[in-house]
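Visitor: To start, I am sharing the structure in question, which I have written as structure tokens.
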Amino acid sequence: MRTMLIVDDDPAWRGLYSAEFKSSFRLVEAGDGIEALAQLERAKPDLIVLDIRLPRLNGLDFLRALERKGLTTPVVVCSGLVSEDGRFAVPGVKAAPKTADLRQLRAAVEESFATAPAAPVAPAAPAAPPRRSPERRVPQRAPGASA
């Protein structure tokens with residue numbers, strides 16, 4: 001069964017999302033971005049549902065932390081900051097408005113899996129160091145020599 005990490009500081013919203021997705025996912029919850037980062041290591045989620053306005057570490061900083069870690073786990077932002085048409089200005093992140101009608105959230109979750117890898121995403125392997133071309137050495141002038 002796939003794992004979903006639900007990140008929202010309001011337990012009522014986490015409960016609503018849990019009720020909606022409990023038959024399809026193993027659910028893990030976090031109340032802020034710091035807790036969510038800790039859960040990444042333990043739960044290895046296949047998808048993250050993320051609020052933006054969070055205490056301690058907000059959703060945008062959480063997304064930056066994911067990027068720094070090299071994780072490409074699909075993220076669906078569900079926030080009051082998302083417009084009704086589901087547009088959100090972060091490339092590669094699906095979004096749904098934060099409403100009690102969860103149809104747009106469910107659609108964004110399904111769309112994330114349609115475009116995401118089938119297996120849980122592990123941290124990216126470190127990139128090979130760039131190849132360096134042979135260094136050019138400029139001959140040094142002898143002390144006291146003029147140009």
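Naming works like this for the structure tokens: A, B, ... for the chains as they're shown, residue 1 at the start of each chain, ligands 1 onward in shown order.
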Which residues come within 8 Å of stretch 10-18 of chain A, counting only C-alpha atoms, excluding same-chain residues fewer than 3 positions away, as an MDAnalysis selection string?
Guide: chainID A and resid 6:7 21:22 27 29 31 100
Visitor: Go ahead and compute the interatomic distance for atom CA of A:Ala95 and atom CA of A:Ile52, in Å to one decimal.
Guide: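 Atom-to-atom, atom CA of A:Ala95 to atom CA of A:Ile52, that is 10.8 Å.
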Visitor: Suppose you want the space between atom CA of A:Glu111 and atom CA of A:Val76; what is it in Å?
Guide: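 Separation between atom CA of A:Glu111 and atom CA of A:Val76: 9.7 Å.
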Visitor: Would you please work out which residue, of A:Lys98, A:Arg2, A:Arg56, A:Arg106, is nearest to A:Arg26 when using only C-alpha atoms?
Guide: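 When distances to A:Arg26 are compared using only C-alpha atoms, the smallest one comes from A:Arg2.
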Visitor: Which of stretch 59-113 of chain A counts as helix (DSSP H, G or I) under DSSP, as an NGL selection string please?
Guide: :A and (59-69 or 103-113)
Visitor: Next, write the just-selected residues to a file, as an mmCIF file, in the first residue's frame, keeping N, CA and C atoms as the atom set.
Guide:
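Final file, again_22.cif:
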```cif
data_model
loop_
_atom_site.group_PDB
_atom_site.id
_atom_site.type_symbol
_atom_site.label_atom_id
_atom_site.label_comp_id
_atom_site.auth_asym_id
_atom_site.auth_seq_id
_atom_site.Cartn_x
_atom_site.Cartn_y
_atom_site.Cartn_z
ATOM 1 N N GLY A 59 5.379 25.707 4.509
ATOM 2 C CA GLY A 59 5.342 24.792 3.381
ATOM 3 C C GLY A 59 6.346 25.102 2.290
ATOM 4 N N LEU A 60 6.572 26.381 1.992
ATOM 5 C CA LEU A 60 7.542 26.730 0.951
ATOM 6 C C LEU A 60 8.956 26.362 1.384
ATOM 7 N N ASP A 61 9.283 26.593 2.659
ATOM 8 C CA ASP A 61 10.604 26.201 3.154
ATOM 9 C C ASP A 61 10.746 24.671 3.185
ATOM 10 N N PHE A 62 9.642 23.983 3.460
ATOM 11 C CA PHE A 62 9.651 22.517 3.403
ATOM 12 C C PHE A 62 9.958 22.043 1.983
ATOM 13 N N LEU A 63 9.330 22.675 0.979
ATOM 14 C CA LEU A 63 9.603 22.320 -0.419
ATOM 15 C C LEU A 63 11.078 22.563 -0.765
ATOM 16 N N ARG A 64 11.641 23.669 -0.269
ATOM 17 C CA ARG A 64 13.068 23.939 -0.509
ATOM 18 C C ARG A 64 13.935 22.864 0.138
ATOM 19 N N ALA A 65 13.551 22.423 1.334
ATOM 20 C CA ALA A 65 14.303 21.368 2.018
ATOM 21 C C ALA A 65 14.246 20.064 1.232
ATOM 22 N N LEU A 66 13.080 19.745 0.665
ATOM 23 C CA LEU A 66 12.973 18.547 -0.184
ATOM 24 C C LEU A 66 13.949 18.634 -1.347
ATOM 25 N N GLU A 67 13.985 19.805 -1.960
ATOM 26 C CA GLU A 67 14.866 20.004 -3.106
ATOM 27 C C GLU A 67 16.333 19.859 -2.695
ATOM 28 N N ARG A 68 16.715 20.453 -1.556
ATOM 29 C CA ARG A 68 18.098 20.341 -1.080
ATOM 30 C C ARG A 68 18.477 18.887 -0.803
ATOM 31 N N LYS A 69 17.519 18.093 -0.330
ATOM 32 C CA LYS A 69 17.770 16.684 -0.056
ATOM 33 C C LYS A 69 17.774 15.837 -1.328
ATOM 34 N N ARG A 103 -12.931 16.956 -3.865
ATOM 35 C CA ARG A 103 -12.826 16.422 -5.222
ATOM 36 C C ARG A 103 -11.572 16.911 -5.944
ATOM 37 N N GLN A 104 -11.252 18.204 -5.801
ATOM 38 C CA GLN A 104 -10.057 18.723 -6.478
ATOM 39 C C GLN A 104 -8.785 18.154 -5.850
ATOM 40 N N LEU A 105 -8.796 17.962 -4.538
ATOM 41 C CA LEU A 105 -7.638 17.352 -3.886
ATOM 42 C C LEU A 105 -7.457 15.918 -4.387
ATOM 43 N N ARG A 106 -8.539 15.153 -4.421
ATOM 44 C CA ARG A 106 -8.446 13.768 -4.899
ATOM 45 C C ARG A 106 -7.945 13.742 -6.344
ATOM 46 N N ALA A 107 -8.435 14.634 -7.188
ATOM 47 C CA ALA A 107 -7.993 14.692 -8.589
ATOM 48 C C ALA A 107 -6.498 15.021 -8.673
ATOM 49 N N ALA A 108 -6.035 15.959 -7.847
ATOM 50 C CA ALA A 108 -4.612 16.323 -7.849
ATOM 51 C C ALA A 108 -3.748 15.154 -7.375
ATOM 52 N N VAL A 109 -4.226 14.413 -6.384
ATOM 53 C CA VAL A 109 -3.496 13.236 -5.901
ATOM 54 C C VAL A 109 -3.410 12.197 -7.015
ATOM 55 N N GLU A 110 -4.528 11.917 -7.664
ATOM 56 C CA GLU A 110 -4.534 10.934 -8.754
ATOM 57 C C GLU A 110 -3.643 11.373 -9.905
ATOM 58 N N GLU A 111 -3.676 12.653 -10.225
ATOM 59 C CA GLU A 111 -2.836 13.182 -11.300
ATOM 60 C C GLU A 111 -1.355 13.070 -10.941
ATOM 61 N N SER A 112 -1.031 13.252 -9.679
ATOM 62 C CA SER A 112 0.366 13.128 -9.240
ATOM 63 C C SER A 112 0.899 11.731 -9.499
ATOM 64 N N PHE A 113 0.067 10.726 -9.256
ATOM 65 C CA PHE A 113 0.515 9.359 -9.489
ATOM 66 C C PHE A 113 0.536 9.013 -10.970
#
```
Visitor: Which value, in Å to one decimal, gives the distance between atom CA of A:Thr73 and atom CA of A:Asp101?
Guide: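 According to the coordinates, atom CA of A:Thr73 and atom CA of A:Asp101 are separated by 24.7 Å.
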Visitor: Pick the closest to A:Asn58 from A:Asp9, A:Arg42, A:Gly70, A:Pro97: which is it, counting only C-alpha atoms?
Guide: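 With only C-alpha atoms as the atom set, the closest residue is A:Asp9.
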Visitor: Pick out the closest residue to A:Leu54 from this set: A:Ser24, A:Ser79, A:Thr3, A:Thr99. Count only C-alpha atoms.
Guide: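 Under the stated criterion, the closest residue is A:Ser79.
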Visitor: Pick from A:Ala114, A:Leu5, A:Ala43, A:Ala38: nearest to A:Val75, with only C-alpha atoms counted?
Guide: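 Of A:Ala114, A:Leu5, A:Ala43, A:Ala38, the one nearest A:Val75, counting only C-alpha atoms, is A:Leu5.
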